[in-house]
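Student: Hey, dropping final-v3.txt in here, compact mmCIF, C-alpha atoms:
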# COMPACT_ATOMS: atom_id res chain seq x y z
CA MET A 1 21.95 81.63 -20.82
CA LYS A 2 22.57 79.93 -17.51
CA SER A 3 18.83 79.34 -17.03
CA VAL A 4 18.59 77.81 -20.50
CA GLY A 5 21.44 75.42 -19.67
CA CYS A 6 19.77 74.37 -16.43
CA PHE A 7 16.53 73.76 -18.30
CA ILE A 8 18.32 71.52 -20.83
CA VAL A 9 20.01 69.55 -18.04
CA LEU A 10 16.63 69.13 -16.31
CA ILE A 11 15.07 67.81 -19.51
CA LEU A 12 17.97 65.36 -20.00
CA LEU A 13 17.69 64.10 -16.42
CA LEU A 14 13.92 63.65 -16.79
CA ASN A 15 14.44 61.72 -20.00
CA VAL A 16 17.00 59.46 -18.32
CA HIS A 17 14.60 58.86 -15.43
CA ILE A 18 11.76 57.91 -17.79
CA THR A 19 14.05 55.65 -19.82
CA LEU A 20 15.32 53.88 -16.72
CA GLY A 21 11.79 53.52 -15.42
CA GLN A 22 10.64 51.99 -18.68
CA SER A 23 13.59 49.59 -18.84
CA SER A 24 12.96 48.50 -15.28
CA ASN A 25 9.38 47.56 -16.17
CA ASN A 26 9.91 45.99 -19.58
CA GLY A 27 11.10 42.69 -18.13
CA VAL A 28 14.22 42.45 -20.29
CA GLY A 29 16.57 39.92 -18.76
CA GLN A 30 13.92 38.64 -16.37
CA THR A 31 14.24 34.94 -15.70
CA GLY A 32 12.00 32.66 -13.70
CA SER A 33 11.03 29.11 -12.95
CA LEU A 34 7.85 27.25 -12.07
CA SER A 35 7.52 23.84 -10.49
CA LEU A 36 5.18 21.58 -12.45
CA LEU A 37 3.87 18.10 -11.90
CA GLN A 38 6.83 15.81 -12.66
CA GLY A 39 8.94 18.67 -13.96
CA ASN A 40 9.51 22.39 -14.24
CA LEU A 41 9.23 25.39 -16.56
CA ASP A 42 11.91 28.09 -17.03
CA TRP A 43 11.79 31.33 -19.00
CA MET A 44 13.77 34.41 -19.95
CA ILE A 45 12.66 37.69 -21.53
CA THR A 46 15.07 38.82 -24.23
CA ALA A 47 16.13 42.28 -25.36
CA ARG A 48 14.24 41.83 -28.62
CA ARG A 49 10.95 41.63 -26.67
CA SER A 50 10.54 37.91 -27.02
CA ILE A 51 10.27 35.20 -24.38
CA VAL A 52 12.17 31.91 -24.37
CA ILE A 53 10.37 29.15 -22.46
CA THR A 54 11.68 25.68 -21.64
CA MET A 55 9.34 22.97 -20.41
CA LYS A 56 10.75 19.79 -18.90
CA ILE A 57 8.67 16.78 -17.83
CA GLN A 58 9.74 13.38 -16.57
CA GLY A 59 8.97 10.59 -19.04
CA LYS A 60 8.60 10.47 -22.78
CA ALA A 61 5.43 12.23 -23.86
CA TRP A 62 3.94 15.24 -25.64
CA LEU A 63 4.08 18.57 -23.79
CA ALA A 64 1.91 21.67 -23.93
CA PHE A 65 1.33 24.90 -22.08
CA GLY A 66 -1.02 27.81 -22.55
CA PHE A 67 -2.16 31.06 -20.98
CA HIS A 68 -5.11 33.39 -20.94
CA GLN A 69 -5.23 37.12 -21.41
CA ALA A 70 -4.52 39.34 -18.43
CA ASN A 71 -7.50 39.77 -16.10
CA SER A 72 -9.39 36.99 -17.85
CA GLU A 73 -11.82 34.97 -15.76
CA LEU A 74 -11.06 31.92 -17.89
CA ASP A 75 -8.81 29.32 -16.32
CA GLY A 76 -9.34 26.17 -18.35
CA MET A 77 -8.65 25.01 -21.87
CA ALA A 78 -11.25 27.21 -23.53
CA GLY A 79 -9.88 30.53 -24.77
CA ALA A 80 -6.22 29.74 -24.11
CA ASP A 81 -3.20 30.46 -26.33
CA TYR A 82 -1.09 27.28 -26.61
CA ILE A 83 2.36 26.04 -27.47
CA VAL A 84 2.33 22.28 -28.16
CA GLY A 85 5.29 19.95 -28.57
CA GLU A 86 4.87 16.48 -30.12
CA TYR A 87 7.47 13.79 -30.82
CA ASP A 88 7.67 11.44 -33.77
CA ASP A 89 8.77 7.81 -33.53
CA ASN A 90 12.39 8.83 -34.09
CA GLY A 91 12.41 11.24 -31.17
CA PHE A 92 12.29 14.42 -33.23
CA ILE A 93 10.01 17.12 -31.89
CA ASN A 94 7.59 19.40 -33.68
CA VAL A 95 6.36 22.49 -31.85
CA TRP A 96 3.36 24.46 -33.03
CA ASP A 97 1.32 27.50 -32.05
CA GLY A 98 -2.23 26.56 -31.05
CA PHE A 99 -5.45 28.02 -29.77
CA ASN A 100 -8.81 27.05 -28.25
CA ASN A 101 -11.77 29.33 -28.70
CA GLU A 102 -14.09 30.01 -25.79
CA THR A 103 -16.68 27.45 -26.90
CA SER A 104 -14.34 24.49 -27.33
CA LYS A 105 -14.01 23.68 -23.62
CA HIS A 106 -12.20 20.33 -23.29
CA LYS A 107 -11.48 19.86 -26.98
CA ALA A 108 -7.83 19.65 -27.98
CA PRO A 109 -6.20 22.88 -29.19
CA LYS A 110 -5.81 23.36 -32.92
CA PRO A 111 -3.22 25.29 -34.94
CA ASP A 112 -3.73 29.05 -35.03
CA SER A 113 -4.31 28.87 -38.77
CA ASP A 114 -7.56 26.95 -38.15
CA PHE A 115 -8.93 30.09 -36.51
CA GLY A 116 -7.54 32.56 -39.04
CA GLY A 117 -4.38 33.27 -37.05
CA TYR A 118 -0.68 32.60 -37.66
CA ASP A 119 2.07 30.43 -36.25
CA ASN A 120 4.29 32.98 -34.48
CA ILE A 121 6.94 30.66 -33.07
CA ILE A 122 10.37 32.16 -33.77
CA SER A 123 12.38 29.05 -33.00
CA PHE A 124 12.14 25.77 -31.11
CA SER A 125 14.19 22.76 -30.14
CA GLY A 126 13.55 19.66 -28.13
CA SER A 127 14.82 16.27 -27.08
CA TYR A 128 14.29 13.29 -24.85
CA ILE A 129 17.27 12.99 -22.55
CA ASP A 130 18.02 11.37 -19.19
CA GLY A 131 14.42 10.28 -18.78
CA PHE A 132 12.94 13.74 -19.45
CA SER A 133 11.01 15.23 -22.35
CA VAL A 134 12.24 18.77 -22.96
CA PHE A 135 11.40 21.49 -25.43
CA THR A 136 12.42 25.12 -25.73
CA VAL A 137 10.43 27.66 -27.72
CA GLU A 138 10.75 31.37 -28.45
CA ARG A 139 7.94 33.73 -29.42
CA ASP A 140 7.34 37.46 -29.31
CA MET A 141 5.77 38.87 -26.17
CA ILE A 142 3.24 40.66 -28.35
CA THR A 143 2.56 39.28 -31.82
CA ASN A 144 0.60 40.67 -34.74
CA ASP A 145 -1.89 37.83 -34.40
CA THR A 146 -4.92 39.34 -32.68
CA VAL A 147 -7.09 36.31 -33.41
CA ALA A 148 -5.27 33.35 -31.86
CA ASP A 149 -2.42 34.82 -29.77
CA HIS A 150 -2.60 36.52 -26.38
CA PRO A 151 -0.09 39.24 -25.45
CA ILE A 152 2.29 38.48 -22.61
CA THR A 153 2.08 41.61 -20.46
CA ASN A 154 3.24 42.75 -17.04
CA ASP A 155 0.21 41.17 -15.39
CA GLN A 156 -0.73 37.91 -13.75
CA LEU A 157 -1.72 35.38 -16.40
CA ASN A 158 -3.58 32.15 -15.77
CA PHE A 159 -0.99 29.68 -16.99
CA ILE A 160 -2.07 26.10 -17.75
CA TYR A 161 -0.03 23.09 -18.79
CA ALA A 162 -0.50 19.42 -19.59
CA PHE A 163 1.46 16.43 -20.81
CA GLY A 164 0.83 12.92 -22.04
CA ASP A 165 1.07 9.63 -20.24
CA GLY A 166 3.49 7.91 -22.59
CA ASP A 167 1.77 9.29 -25.68
CA LEU A 168 4.08 11.05 -28.13
CA THR A 169 1.31 12.96 -29.92
CA LEU A 170 -1.44 15.12 -28.46
CA LYS A 171 -4.13 13.07 -26.72
CA TYR A 172 -6.27 13.36 -23.59
CA HIS A 173 -3.98 14.18 -20.67
CA GLY A 174 -6.06 12.78 -17.80
CA PRO A 175 -4.74 14.05 -14.43
CA ASN A 176 -1.44 15.28 -15.98
CA ARG A 177 -2.36 18.96 -15.92
CA GLY A 178 -1.99 22.07 -13.81
CA LEU A 179 -2.94 25.72 -13.35
CA ILE A 180 -0.72 28.48 -11.94
CA GLY A 181 -1.06 32.25 -11.82
CA VAL A 182 2.21 33.84 -12.96
CA ASN A 183 3.65 37.21 -13.98
CA PHE A 184 6.50 36.54 -16.42
CA PHE A 185 7.84 40.08 -15.89
CA THR A 186 8.33 39.69 -12.14
CA GLY A 187 8.41 35.93 -11.69
CA LYS A 188 5.69 36.21 -9.08
CA GLU A 189 3.45 33.17 -8.68
CA ALA A 190 -0.07 33.10 -7.32
CA ALA A 191 -2.42 30.29 -6.52
CA VAL A 192 -5.50 30.18 -8.73
CA VAL A 193 -8.67 28.46 -7.64
CA PRO A 194 -10.02 27.22 -10.96
CA PHE A 195 -13.68 27.68 -11.72
CA SER A 196 -13.85 24.02 -12.73
CA SER A 197 -12.54 22.94 -9.30
CA SER A 198 -15.22 25.01 -7.59
CA MET A 199 -17.81 23.40 -9.81
CA LYS A 200 -16.49 19.94 -8.94
CA LEU A 201 -16.87 20.70 -5.26
CA ILE A 202 -20.44 21.90 -5.79
CA HIS A 203 -21.22 18.87 -7.96
CA GLY A 204 -19.83 16.48 -5.37
CA ALA A 205 -21.59 18.19 -2.47
CA LEU A 206 -24.96 18.11 -4.25
CA MET A 207 -24.61 14.42 -5.07
CA ILE A 208 -23.58 13.51 -1.53
CA LEU A 209 -26.56 15.41 -0.11
CA ALA A 210 -28.90 13.86 -2.69
CA TYR A 211 -27.90 10.22 -2.33
CA GLY A 212 -25.87 9.97 0.83
CA MET A 213 -28.48 11.80 2.89
CA CYS A 214 -31.90 12.40 1.30
CA LEU A 215 -32.56 9.34 -0.83
CA SER A 216 -30.94 6.94 1.65
CA PHE A 217 -33.02 8.36 4.51
CA GLY A 218 -36.14 8.28 2.34
CA ALA A 219 -35.59 4.57 1.70
CA PHE A 220 -35.13 4.02 5.45
CA ILE A 221 -38.44 5.76 6.14
CA ALA A 222 -40.31 3.69 3.55
CA ARG A 223 -39.04 0.41 4.98
CA TYR A 224 -39.12 0.94 8.72
CA LEU A 225 -41.47 3.78 9.63
CA LYS A 226 -44.72 2.75 7.95
CA GLU A 227 -46.43 2.25 11.30
CA TYR A 228 -46.57 6.05 11.58
CA TYR A 229 -49.21 7.90 9.61
CA TRP A 230 -46.76 10.62 8.55
CA TRP A 231 -44.31 8.28 6.83
CA PHE A 232 -45.78 8.65 3.35
CA PRO A 233 -45.73 12.48 2.97
CA LEU A 234 -42.31 12.62 4.62
CA HIS A 235 -41.01 9.92 2.27
CA ILE A 236 -42.28 11.83 -0.78
CA THR A 237 -40.90 15.17 0.44
CA ILE A 238 -37.42 13.83 1.13
CA GLN A 239 -37.26 11.84 -2.11
CA VAL A 240 -38.35 14.83 -4.19
CA LEU A 241 -35.71 16.97 -2.46
CA GLY A 242 -33.11 14.31 -3.20
CA ALA A 243 -34.13 14.13 -6.86
CA VAL A 244 -33.92 17.94 -7.18
CA LEU A 245 -30.44 17.94 -5.64
CA ALA A 246 -29.35 15.12 -7.96
CA LEU A 247 -30.65 16.97 -11.01
CA SER A 248 -28.88 20.13 -9.86
CA GLY A 249 -25.64 18.17 -9.49
CA PHE A 250 -26.03 16.79 -12.99
CA ILE A 251 -26.60 20.29 -14.41
CA VAL A 252 -23.39 21.45 -12.69
CA ALA A 253 -21.59 18.50 -14.30
CA LEU A 254 -22.87 19.56 -17.72
CA CYS A 255 -21.50 23.06 -17.08
CA MET A 256 -18.07 21.56 -16.41
CA VAL A 257 -17.82 19.30 -19.43
CA THR A 258 -19.42 18.75 -22.80
CA THR A 259 -17.30 15.76 -23.75
CA HIS A 260 -15.35 13.07 -21.92
CA PHE A 261 -18.47 11.19 -20.81
CA ASN A 262 -16.28 8.21 -21.53
CA ASN A 263 -15.42 6.83 -18.10
CA TRP A 264 -17.02 4.67 -15.45
CA HIS A 265 -17.83 7.62 -13.20
CA SER A 266 -19.86 9.26 -15.96
CA TRP A 267 -21.53 6.08 -17.18
CA ILE A 268 -22.57 4.94 -13.71
CA GLY A 269 -23.61 8.47 -12.79
CA ILE A 270 -25.93 8.80 -15.79
CA THR A 271 -27.38 5.34 -15.10
CA THR A 272 -27.95 6.35 -11.47
CA LEU A 273 -29.77 9.50 -12.54
CA ALA A 274 -32.00 7.47 -14.85
CA PHE A 275 -32.91 5.11 -12.00
CA THR A 276 -33.49 8.11 -9.75
CA PHE A 277 -36.17 9.61 -11.98
CA VAL A 278 -37.83 6.37 -13.00
CA THR A 279 -38.23 5.36 -9.33
CA PRO A 280 -40.71 8.09 -8.27
CA PHE A 281 -42.74 7.50 -11.41
CA LEU A 282 -43.06 3.83 -10.44
CA GLY A 283 -43.97 4.91 -6.90
CA TRP A 284 -46.73 7.14 -8.27
CA ILE A 285 -48.15 4.19 -10.25
CA ALA A 286 -47.92 1.96 -7.17
CA ASP A 287 -49.83 4.51 -5.09
CA LYS A 288 -52.55 4.86 -7.71
CA GLN A 289 -52.98 1.08 -7.92
CA TYR A 290 -52.85 0.52 -4.15
CA ASP A 291 -55.38 -2.00 -2.81
CA PRO A 292 -55.62 -2.15 1.02
CA ASN A 293 -57.19 -5.61 0.82
CA ARG A 294 -54.34 -7.32 -1.03
CA ASP A 295 -52.22 -9.88 0.77
CA ARG A 296 -48.87 -8.58 -0.40
CA PRO A 297 -47.56 -6.00 -2.87
CA PRO A 298 -47.31 -7.20 -6.48
CA PHE A 299 -44.03 -7.40 -8.33
CA TRP A 300 -45.25 -4.68 -10.69
CA PRO A 301 -45.09 -1.86 -9.96
CA ASP A 302 -44.46 -1.98 -6.21
CA GLN A 303 -41.44 -4.24 -5.93
CA VAL A 304 -39.93 -2.86 -9.13
CA HIS A 305 -40.23 0.58 -7.51
CA TRP A 306 -38.36 -0.68 -4.43
CA TRP A 307 -35.53 -2.23 -6.39
CA PHE A 308 -35.08 0.71 -8.74
CA GLY A 309 -34.67 2.92 -5.68
CA ARG A 310 -32.19 0.54 -4.07
CA PHE A 311 -30.12 0.25 -7.24
CA ALA A 312 -30.07 4.05 -7.61
CA ILE A 313 -28.65 4.46 -4.11
CA LEU A 314 -26.07 1.68 -4.48
CA LEU A 315 -24.90 2.93 -7.88
CA SER A 316 -24.67 6.48 -6.56
CA TYR A 317 -22.15 5.49 -3.91
CA VAL A 318 -20.01 3.74 -6.51
CA SER A 319 -20.21 6.73 -8.86
CA ILE A 320 -19.34 9.26 -6.14
CA ILE A 321 -16.27 7.30 -5.02
CA LEU A 322 -15.13 6.87 -8.64
CA GLY A 323 -15.56 10.61 -9.15
CA MET A 324 -13.39 11.36 -6.13
CA LEU A 325 -10.68 9.05 -7.42
CA LYS A 326 -10.85 10.41 -10.96
CA PHE A 327 -10.71 14.10 -10.13
CA GLY A 328 -7.89 14.00 -7.62
CA ALA A 329 -9.70 14.27 -4.27
CA PRO A 330 -7.47 13.89 -1.19
CA ALA A 331 -6.59 10.23 -0.69
CA ALA A 332 -8.46 10.01 2.61
CA LEU A 333 -11.73 11.46 1.28
CA PRO A 334 -13.05 8.35 -0.54
CA ALA A 335 -12.31 6.26 2.56
CA VAL A 336 -14.09 8.75 4.80
CA PHE A 337 -17.07 8.96 2.45
CA ALA A 338 -17.28 5.15 2.32
CA GLY A 339 -18.15 5.35 6.00
CA LEU A 340 -21.51 6.90 5.09
CA PRO A 341 -22.94 3.89 3.21
CA ALA A 342 -21.37 1.69 5.90
CA LEU A 343 -23.27 3.66 8.53
CA TRP A 344 -26.52 3.30 6.60
CA LEU A 345 -25.90 -0.43 6.16
CA ILE A 346 -25.31 -0.90 9.88
CA SER A 347 -28.49 1.07 10.62
CA PHE A 348 -30.53 -1.10 8.28
CA VAL A 349 -29.12 -4.32 9.74
CA VAL A 350 -29.66 -3.24 13.35
CA VAL A 351 -33.26 -2.13 12.74
CA GLU A 352 -33.98 -5.26 10.70
CA ILE A 353 -32.74 -7.47 13.54
CA TYR A 354 -34.79 -5.45 15.99
CA ARG A 355 -37.93 -5.86 13.89
CA VAL A 356 -37.55 -9.59 13.35
CA TYR A 357 -36.31 -10.84 16.70
CA ILE A 358 -37.32 -8.26 19.30
CA LYS A 359 -40.33 -6.19 18.30
CA LYS A 360 -43.49 -8.22 17.79
CA ASP A 361 -46.73 -7.23 16.14
CA LYS A 362 -49.06 -6.12 18.93
CA ILE A 363 -52.12 -7.83 17.46
CA SER A 364 -50.87 -11.19 16.25
CA GLY A 365 -47.69 -11.52 18.26
CA ALA A 366 -45.86 -12.43 15.05
CA PRO A 367 -42.59 -10.78 14.09
CA LEU A 368 -43.20 -7.43 12.42
CA ALA A 369 -40.98 -8.62 9.56
CA LEU A 370 -43.85 -10.77 8.33
CA TYR A 371 -45.68 -7.56 7.57
CA SER A 372 -42.74 -5.71 6.04
CA SER A 373 -44.01 -6.40 2.54
CA LYS A 374 -47.21 -4.46 3.14
CA ASP A 375 -47.23 -0.92 1.82
CA HIS A 376 -49.25 0.54 4.71
CA LEU A 377 -49.84 -0.76 8.21
CA LEU A 378 -52.61 1.78 8.60
CA PRO A 379 -55.65 1.87 6.29
CA LYS A 380 -55.23 4.15 3.32
CA LYS A 381 -57.29 7.31 3.54
For this file, write the structure as structure tokens.

Tutor:
Amino acid sequence: MKSVGCFIVLILLLNVHITLGQSSNNGVGQTGSLSLLQGNLDWMITARRSIVITMKIQGKAWLAFGFHQANSELDGMAGADYIVGEYDDNGFINVWDGFNNETSKHKAPKPDSDFGGYDNIISFSGSYIDGFSVFTVERDMITNDTVADHPITNDQLNFIYAFGDGDLTLKYHGPNRGLIGVNFFTGKEAAVVPFSSSMKLIHGALMILAYGMCLSFGAFIARYLKEYYWWFPLHITIQVLGAVLALSGFIVALCMVTTHFNNWHSWIGITTLAFTFVTPFLGWIADKQYDPNRDRPPFWPDQVHWWFGRFAILLSYVSIILGMLKFGAPAALPAVFAGLPALWLISFVVVEIYRVYIKKDKISGAPLALYSSKDHLLPKK
């Protein structure tokens, strides 16, 4: 009988241990806070297995946050579960449950019902007070909506948020956005390097190599090194490499976005790419029509080829700097990058002065600049 009693006590103690262990991991009562751009986000996990989240942003504007499933590689708008708060003209807020499927990329989230899901918001409230837009929303940690809701589990979730710039209803947020890794059960934060940021770095690096190095140096070769027999194959090699790098950078840009080609960076960038690929075609025509006995290169196609190349390089520098400014590069980076075209400009000016006023043509004694319009100083083979 005594052994039976001990066994019962052991079972009861084991049950208590399991129960305590479960309650310690279920997050009930867990509170936390995140610092956001121009505001903060607070939350609490309730005993009824729901989460109450309050988002507060300075200014009067729409607010939204979203999160991906645990262990998801997604970190942008596509595939996220959203809560969106919009204000009407009278200051009343409407909060709705939204979603973005994995193919929508930068498109605005839509209500869950558009995807066959349900609005699972339990309650919400909001106001504009003391210069801040605030809304509080409650939803279940795990809902019955398996189509458009993600479960909030004891894992790190990629948490994204955005807000308007004076707009009361959902519109493009511009730079008012952020990404944080967070576990709502523990309150632990983690930095997340977004895939899109990595792609931006690759895109920028490819464009700087293409235009800041290859195509600029190729233009330098074509203008100042024609007295050497190897200038022409080197010019072609470097320009082709630059064009390949530029095309690669453009492909990376397409992987980042499918919309929002509605800004000066994009417009100038696409124009630059068009000039970049028309230029070698014009150069090919000029080479085929080359006449070593002509006095000077004709306007078509030779000089058109030159100017298309020059415009491509100039536009590229403008586009790259605009891209840095648009996508939040460190403030010093555009200024540092601007030193590259300045360095090329100084190089061109110095060599041009050297050609005109110092170096003379060995045969005629005339300034070499008088011959700068000729395509080849050596006979074409």

Student: Extract, using only C-alpha atoms, all DNA, RNA and protein residues at most 8 Å from region 132-144 of chain A, discarding same-chain residues fewer than 4 positions from it, and format them as a ChimeraX atom specification.

Tutor: /A:49-63,85,93,95,120-128,149-153

Student: Emit the selected residues as a PDB file, in the frame of the given file, including C-alpha atoms.

Tutor:
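The resulting result-v4.pdb:
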ATOM      1  CA  ARG A  49      10.950  41.630 -26.670  1.00  0.00           C
ATOM      2  CA  SER A  50      10.540  37.910 -27.020  1.00  0.00           C
ATOM      3  CA  ILE A  51      10.270  35.200 -24.380  1.00  0.00           C
ATOM      4  CA  VAL A  52      12.170  31.910 -24.370  1.00  0.00           C
ATOM      5  CA  ILE A  53      10.370  29.150 -22.460  1.00  0.00           C
ATOM      6  CA  THR A  54      11.680  25.680 -21.640  1.00  0.00           C
ATOM      7  CA  MET A  55       9.340  22.970 -20.410  1.00  0.00           C
ATOM      8  CA  LYS A  56      10.750  19.790 -18.900  1.00  0.00           C
ATOM      9  CA  ILE A  57       8.670  16.780 -17.830  1.00  0.00           C
ATOM     10  CA  GLN A  58       9.740  13.380 -16.570  1.00  0.00           C
ATOM     11  CA  GLY A  59       8.970  10.590 -19.040  1.00  0.00           C
ATOM     12  CA  LYS A  60       8.600  10.470 -22.780  1.00  0.00           C
ATOM     13  CA  ALA A  61       5.430  12.230 -23.860  1.00  0.00           C
ATOM     14  CA  TRP A  62       3.940  15.240 -25.640  1.00  0.00           C
ATOM     15  CA  LEU A  63       4.080  18.570 -23.790  1.00  0.00           C
ATOM     16  CA  GLY A  85       5.290  19.950 -28.570  1.00  0.00           C
ATOM     17  CA  ILE A  93      10.010  17.120 -31.890  1.00  0.00           C
ATOM     18  CA  VAL A  95       6.360  22.490 -31.850  1.00  0.00           C
ATOM     19  CA  ASN A 120       4.290  32.980 -34.480  1.00  0.00           C
ATOM     20  CA  ILE A 121       6.940  30.660 -33.070  1.00  0.00           C
ATOM     21  CA  ILE A 122      10.370  32.160 -33.770  1.00  0.00           C
ATOM     22  CA  SER A 123      12.380  29.050 -33.000  1.00  0.00           C
ATOM     23  CA  PHE A 124      12.140  25.770 -31.110  1.00  0.00           C
ATOM     24  CA  SER A 125      14.190  22.760 -30.140  1.00  0.00           C
ATOM     25  CA  GLY A 126      13.550  19.660 -28.130  1.00  0.00           C
ATOM     26  CA  SER A 127      14.820  16.270 -27.080  1.00  0.00           C
ATOM     27  CA  TYR A 128      14.290  13.290 -24.850  1.00  0.00           C
ATOM     28  CA  ASP A 149      -2.420  34.820 -29.770  1.00  0.00           C
ATOM     29  CA  HIS A 150      -2.600  36.520 -26.380  1.00  0.00           C
ATOM     30  CA  PRO A 151      -0.090  39.240 -25.450  1.00  0.00           C
ATOM     31  CA  ILE A 152       2.290  38.480 -22.610  1.00  0.00           C
ATOM     32  CA  THR A 153       2.080  41.610 -20.460  1.00  0.00           C
TER      33      THR A 153
END

Student: Under the rule that all atoms listed in the file are counted, which of A:Ala342, A:Ile45, A:Ile160, A:Ile353 is the nearest residue to Ala80 (chain A)?

Tutor: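 The shortest atom-to-atom distance to Ala80 (chain A) comes from A:Ile160.
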
Student: Name the residues within 10 Å of (7.3, 12.1, -32.8), counting all atoms listed in the file in the file's coordinates, and put them as a ChimeraX atom specification.

Tutor: /A:61-62,85-94,167-169

Student: Taking only C-alpha atoms into account, which of A:Thr237, A:Asn263, A:Ser113, A:Asn100 comes nearest Leu215 (chain A)?

Tutor: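 Of A:Thr237, A:Asn263, A:Ser113, A:Asn100, the one nearest Leu215 (chain A) is A:Thr237, counting only C-alpha atoms.
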
Student: Taking only C-alpha atoms into account, which of A:Leu325, A:Leu241, A:Met44, A:Val252 comes nearest Gly32 (chain A)?

Tutor: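 Of the candidates, the smallest distance to Gly32 (chain A) is held by A:Met44.
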